[in-house]
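What follows is a short report on a single structure.
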Amino acid sequence: MNRLNTSWGDLPLTRFPADPREPLRAWDAADEYLLAHLAESGTDLSGTVAVVGDRWGALVTALAAAGAGELVQISDSYLGRRATGDNLARSGAAPGAVRLLTTQDPPPERVDVLLVRVPKSLALLEDQLHRLAPAVHAGTVVVGTGMVKEIHTSTLKLFERILGPTRTSLAVKKARLIHTTPAAGQGRPANPWPLRYALPADAPAGLAGRTVVNQAGVFCADRLDIGTRFLLRHLPQDIGRSRVADLGCGNGVVGLAVALAEPEAELVFTDESYQAVASAEENFRTHAGTARTAEFTVGDGLADVADGSVDLVLNNPPFHSHQATTDRTARRMFAESRRALRPGGELWVVGNRHLGYHVTLRRIFGNSELVAGDPKFVVLRAVKR
């Protein structure tokens with residue numbers, strides 16, 4: 001277990017789920033830079049401190065140790081929230097020391113210190129700044145942080161356009177800080193999120209021309225991504241009353257396509273993003289009809305699904321964890337799928353050809369079959385024996 005050294009003590013921190021073989025830490029130089037700045041500048045933390053985008057809880061765990069006042073974390077990640085809870089408990093924080101909110105919850109009405117860990121998604125940053133802007137007042141301390149490669153001119157323009165004049169710090173260990181001075185009475189544009197757009201006329205699986213909604217931060221928020229499009233062209237047919245899980249559902253178009261084609265299928269939509277599941281549920285309600293039922297779960301993949309209770313899993317797994325490229329998430333998704341599938345049940349996966357998912361599937365399932373492929377993507381099928 002790694003320990004984060006702060007002005008308020010050394011804190012044992014892990015990601016979630018904890019894995020002693022996992023080389024990635026639960027914080028990086030951007031988190032360290034922000035915490036050091038708060039301590040060295042003597043920032044008053046006695047009021048309401050809102051922390052946005054705290055990836056694994058390193059920031060709020062340190063601030064709880066510092067005795068911050070009303071401490072609020074706002075996160076879109078179920079896994080990040082679970083890591084936060086574990087890290088707070090491990091560090092000895094009192095129960096309830098941090099109010100854990102999701103990006104779908106109403107934000108605090110007043111914020112005295114706003115700390116923003118810049119997310120990978122510029123759209124999610126834009127949405128969250130818009131949602132928090134009414135709570136910011138002239139005396140609010142606003143500090144953002146991120147690695148140099150994560151902070152662009154467009155990032156700074158968002159802070160400036162929505163909150164007020166913005167400047168950046170010098171780089172330390174390839175990390176920067178963003179300092180914004182709230183501008184009282186500053187006019188700001190309307191929040192463009194959630195975004196609605198019509199799927200293209202050549203969208204497969206009965207989706208052509210349908211309008212879908214994407215909350216900010218959902219993968220490929222303004223178009224049908226090419227990997228999903230390829231999977232939609234090669235979905236299994238005639239599944240009847242099967243129980244089907246759209247694993248890592250995003251905005252839910254894959255599960256929606258199954259629901260439209262198979263009126264008796266039972267659908268389960270699951271993702272670790274609150275924004276994604278909210279998008280999937282709205283799209284399903286809009287296009288599958290109010291009489292059609294489905295399950296919508298924000299969680300750790302299929303962890304909440306009973307063993308042997310699913311007939312078919314459809315999956316377009318991510319291969320990034322924030323800025324790190326890794327197949328860890330995909331491996332866990334495949335293993336969870338095997339557990340959740342009944343004997344004879346199938347996992348269908350779409351992925352970039354170069355990722356070599358067929359090797360991982362053979363290791364976990366003992367088999368892997370190529371359903372379809374092109375120069376960029378493959379659709380693979382694995383059966384639980």
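Residue names in the structure tokens use chain letters A, B, ... in the order shown, residue numbers from 1 in each chain, and ligand numbers from 1 in the order shown.
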
### Query
as a PyMOL selection string, which residues of stretch 61-241 of chain A does DSSP assign to strand (DSSP E)?
chain A and resi 70-75+98-102+111-117+136-147+166-168+175-180+195-198+211-214

Export of prior selection with C-alpha atoms as a tab-separated table (two decimals), in the first residue's frame:
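As a result, part-v1.tsv now contains:
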```
chain	number	residue	atom	x	y	z
A	70	GLU	CA	-17.87	21.23	5.71
A	71	LEU	CA	-16.10	18.96	3.24
A	72	VAL	CA	-17.95	17.89	0.08
A	73	GLN	CA	-16.71	15.62	-2.70
A	74	ILE	CA	-18.47	15.65	-6.09
A	75	SER	CA	-17.65	12.66	-8.28
A	98	VAL	CA	-17.02	14.11	3.99
A	99	ARG	CA	-20.34	14.51	2.23
A	100	LEU	CA	-20.12	12.35	-0.88
A	101	LEU	CA	-22.17	13.68	-3.79
A	102	THR	CA	-22.45	12.43	-7.35
A	111	VAL	CA	-18.92	27.15	-1.59
A	112	ASP	CA	-16.07	28.96	0.18
A	113	VAL	CA	-13.22	26.92	-1.29
A	114	LEU	CA	-13.62	25.21	-4.66
A	115	LEU	CA	-10.93	22.67	-5.58
A	116	VAL	CA	-11.08	21.13	-9.04
A	117	ARG	CA	-9.05	18.16	-10.20
A	136	VAL	CA	-19.35	30.66	-5.79
A	137	HIS	CA	-19.12	34.14	-4.25
A	138	ALA	CA	-16.59	36.96	-4.44
A	139	GLY	CA	-14.56	35.54	-1.57
A	140	THR	CA	-14.44	31.96	-2.81
A	141	VAL	CA	-10.96	30.53	-3.25
A	142	VAL	CA	-10.89	28.63	-6.55
A	143	VAL	CA	-7.93	26.39	-7.33
A	144	GLY	CA	-7.70	23.75	-10.02
A	145	THR	CA	-4.98	21.19	-10.52
A	146	GLY	CA	-3.84	18.78	-13.19
A	147	MET	CA	-0.85	17.45	-15.00
A	166	THR	CA	-7.79	32.87	-14.48
A	167	ARG	CA	-4.04	32.31	-14.39
A	168	THR	CA	-1.77	29.29	-14.04
A	175	ALA	CA	1.82	19.48	-12.71
A	176	ARG	CA	0.21	22.92	-12.67
A	177	LEU	CA	-2.29	24.84	-10.59
A	178	ILE	CA	-5.11	26.99	-11.92
A	179	HIS	CA	-6.04	30.10	-9.93
A	180	THR	CA	-9.37	31.79	-10.63
A	195	LEU	CA	-26.48	17.29	-25.18
A	196	ARG	CA	-29.08	15.88	-27.53
A	197	TYR	CA	-28.39	14.81	-31.10
A	198	ALA	CA	-29.93	12.62	-33.79
A	211	THR	CA	-32.51	11.43	-30.86
A	212	VAL	CA	-30.36	10.45	-27.91
A	213	VAL	CA	-29.25	12.36	-24.84
A	214	ASN	CA	-25.73	12.37	-23.42
```

### Message
For A:Leu125, find every residue with an atom within 10 Å (counting only C-alpha atoms), except residues of its own chain fewer than 2 positions away, and show them as a count of residues only.
### Response
20

### Query
Neighbours of A:Val305 within 12 Å (only C-alpha atoms; same-chain residues fewer than 6 positions away dropped), as an MDAnalysis selection string?
chainID A and resid 243:245 247 268:270 295:299 311 313 336:342

### Task
Using DSSP on the backbone coordinates, identify the residues of stretch 168-374 of chain A assigned to alpha helix (DSSP H); present them as a count of residues only.
54

#### Entry: Neighbour list for A:Cys249 as a PyMOL selection string, cut-off 10 Å, only C-alpha atoms, skip fewer than 6 positions in-chain
chain A and resi 218-219+255-256+268-273+276-277+279-280+296-297+301+314-317

Serialized selection, N, CA, C and O atoms, as a tab-separated table (two decimals), in the first residue's frame:
```tsv
chain	number	residue	atom	x	y	z
A	218	VAL	N	-19.86	11.60	-20.79
A	218	VAL	CA	-20.10	10.27	-21.35
A	218	VAL	C	-19.27	10.13	-22.62
A	218	VAL	O	-19.18	11.04	-23.43
A	219	PHE	N	-18.68	8.97	-22.80
A	219	PHE	CA	-17.80	8.73	-23.94
A	219	PHE	C	-18.50	9.03	-25.25
A	219	PHE	O	-19.63	8.64	-25.48
A	255	GLY	N	-27.71	-1.56	-25.57
A	255	GLY	CA	-28.85	-2.19	-24.92
A	255	GLY	C	-30.17	-1.75	-25.51
A	255	GLY	O	-31.11	-2.54	-25.62
A	256	LEU	N	-30.24	-0.48	-25.89
A	256	LEU	CA	-31.46	0.03	-26.51
A	256	LEU	C	-31.74	-0.69	-27.83
A	256	LEU	O	-32.89	-1.04	-28.12
A	268	VAL	N	-30.36	-5.19	-18.64
A	268	VAL	CA	-29.65	-4.64	-17.48
A	268	VAL	C	-28.59	-3.68	-18.00
A	268	VAL	O	-27.72	-4.08	-18.78
A	269	PHE	N	-28.66	-2.42	-17.59
A	269	PHE	CA	-27.68	-1.41	-17.99
A	269	PHE	C	-26.80	-1.10	-16.78
A	269	PHE	O	-27.32	-0.76	-15.71
A	270	THR	N	-25.49	-1.20	-16.94
A	270	THR	CA	-24.61	-0.91	-15.81
A	270	THR	C	-23.36	-0.19	-16.28
A	270	THR	O	-22.82	-0.47	-17.34
A	271	ASP	N	-22.94	0.77	-15.45
A	271	ASP	CA	-21.73	1.55	-15.74
A	271	ASP	C	-21.24	2.11	-14.41
A	271	ASP	O	-22.02	2.25	-13.46
A	272	GLU	N	-19.97	2.46	-14.33
A	272	GLU	CA	-19.46	3.05	-13.10
A	272	GLU	C	-19.63	4.57	-13.09
A	272	GLU	O	-19.36	5.22	-12.10
A	273	SER	N	-20.15	5.14	-14.18
A	273	SER	CA	-20.38	6.58	-14.31
A	273	SER	C	-21.84	6.92	-14.05
A	273	SER	O	-22.74	6.38	-14.71
A	276	ALA	N	-23.30	8.41	-17.19
A	276	ALA	CA	-23.62	7.43	-18.22
A	276	ALA	C	-24.95	6.75	-17.95
A	276	ALA	O	-25.81	6.65	-18.84
A	277	VAL	N	-25.15	6.27	-16.73
A	277	VAL	CA	-26.39	5.55	-16.42
A	277	VAL	C	-27.61	6.47	-16.52
A	277	VAL	O	-28.68	6.06	-16.98
A	279	SER	N	-27.88	8.90	-18.62
A	279	SER	CA	-28.11	9.02	-20.06
A	279	SER	C	-28.81	7.78	-20.60
A	279	SER	O	-29.78	7.88	-21.37
A	280	ALA	N	-28.31	6.61	-20.20
A	280	ALA	CA	-28.89	5.36	-20.68
A	280	ALA	C	-30.35	5.23	-20.29
A	280	ALA	O	-31.19	4.80	-21.09
A	296	PHE	N	-31.22	-0.42	-14.12
A	296	PHE	CA	-30.16	0.57	-14.33
A	296	PHE	C	-29.34	0.64	-13.05
A	296	PHE	O	-29.87	0.96	-11.99
A	297	THR	N	-28.06	0.31	-13.16
A	297	THR	CA	-27.21	0.21	-11.98
A	297	THR	C	-25.91	0.96	-12.19
A	297	THR	O	-25.20	0.73	-13.18
A	301	GLY	N	-19.09	-2.74	-12.42
A	301	GLY	CA	-19.38	-3.74	-13.44
A	301	GLY	C	-20.60	-4.55	-13.10
A	301	GLY	O	-21.67	-4.02	-12.82
A	314	LEU	N	-23.01	-7.82	-23.35
A	314	LEU	CA	-22.47	-7.03	-24.45
A	314	LEU	C	-21.55	-5.98	-23.87
A	314	LEU	O	-21.93	-5.27	-22.93
A	315	ASN	N	-20.34	-5.84	-24.44
A	315	ASN	CA	-19.33	-5.03	-23.77
A	315	ASN	C	-18.40	-4.35	-24.77
A	315	ASN	O	-17.86	-4.99	-25.67
A	316	ASN	N	-18.24	-3.05	-24.59
A	316	ASN	CA	-17.23	-2.27	-25.31
A	316	ASN	C	-16.33	-1.68	-24.23
A	316	ASN	O	-16.55	-0.56	-23.76
A	317	PRO	N	-15.32	-2.43	-23.76
A	317	PRO	CA	-14.58	-2.02	-22.56
A	317	PRO	C	-13.64	-0.85	-22.83
A	317	PRO	O	-13.08	-0.71	-23.91
```

Taking 3 positions as the minimum chain separation for residues in the same chain, which residues sit within 12 Å of A:Ile364 when counting only C-alpha atoms? Answer as a PDB file with C-alpha atoms, in the first residue's frame.
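The resulting around.pdb:
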```
ATOM      1  CA  ALA A 330     -11.322  -5.016 -19.438  1.00  0.00           C
ATOM      2  CA  ARG A 331      -9.888  -8.051 -17.615  1.00  0.00           C
ATOM      3  CA  ARG A 332     -12.120  -7.406 -14.616  1.00  0.00           C
ATOM      4  CA  MET A 333     -15.155  -6.947 -16.865  1.00  0.00           C
ATOM      5  CA  PHE A 334     -14.467 -10.255 -18.617  1.00  0.00           C
ATOM      6  CA  ALA A 335     -13.979 -12.115 -15.336  1.00  0.00           C
ATOM      7  CA  GLU A 336     -17.151 -10.622 -13.845  1.00  0.00           C
ATOM      8  CA  SER A 337     -19.047 -11.531 -17.002  1.00  0.00           C
ATOM      9  CA  ARG A 338     -18.010 -15.164 -16.703  1.00  0.00           C
ATOM     10  CA  ARG A 339     -19.194 -15.251 -13.090  1.00  0.00           C
ATOM     11  CA  LEU A 347     -19.991 -12.537 -23.731  1.00  0.00           C
ATOM     12  CA  TYR A 357      -8.646  -9.339 -26.217  1.00  0.00           C
ATOM     13  CA  HIS A 358      -8.889 -12.834 -27.727  1.00  0.00           C
ATOM     14  CA  VAL A 359      -5.887 -13.870 -25.626  1.00  0.00           C
ATOM     15  CA  THR A 360      -7.474 -12.565 -22.407  1.00  0.00           C
ATOM     16  CA  LEU A 361     -10.814 -14.205 -23.215  1.00  0.00           C
ATOM     17  CA  ASN A 367     -12.383 -20.053 -25.657  1.00  0.00           C
ATOM     18  CA  SER A 368     -12.764 -17.073 -27.982  1.00  0.00           C
ATOM     19  CA  ALA A 382     -16.745 -16.202 -25.561  1.00  0.00           C
ATOM     20  CA  VAL A 383     -19.000 -18.923 -24.097  1.00  0.00           C
ATOM     21  CA  LYS A 384     -19.168 -20.000 -20.475  1.00  0.00           C
ATOM     22  CA  ARG A 385     -18.735 -23.778 -20.512  1.00  0.00           C
TER      23      ARG A 385
END
```

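For the pair atom CA of A:Thr84 and atom CA of A:Asp44, the separation is 22.8 Å.
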
### Message
Between A:Leu124, A:Leu199, A:Leu260, A:Ala208, which residue has the minimum interatomic distance to A:Tyr274, considering only C-alpha atoms?
### Response
A:Leu124

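Note that atom CA of A:Ala58 and atom CA of A:Arg82 are 12.1 Å apart.
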
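Each of A:Ser7, A:Thr43, A:Ser154, A:Asn2 was checked against A:Pro20 using only C-alpha atoms; the smallest atom-to-atom distance is that of A:Asn2.
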
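For the set A:Gly227, A:Pro12, A:Gly252, A:Gly308, the residue with the smallest atom-to-atom gap to A:Asn283 is A:Gly252, counting only C-alpha atoms.
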
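Residues within 10 Å of stretch 89-97 of chain A, counting only C-alpha atoms and excluding same-chain residues fewer than 2 positions away, are Gly9, Asp10, Leu11, Pro12, Leu13, Thr14, Val60, Thr61, Ala62, Leu63, Ala64, Ala65, Gly67, Ala68, Gly69, Glu70, Leu71, Val72, Ala83, Thr84, Gly85, Asp86, Asn87, Arg99 and Leu100 of chain A.
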
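Going from atom CA of A:Leu163 over to atom CA of A:Pro182, you cover 5.3 Å.
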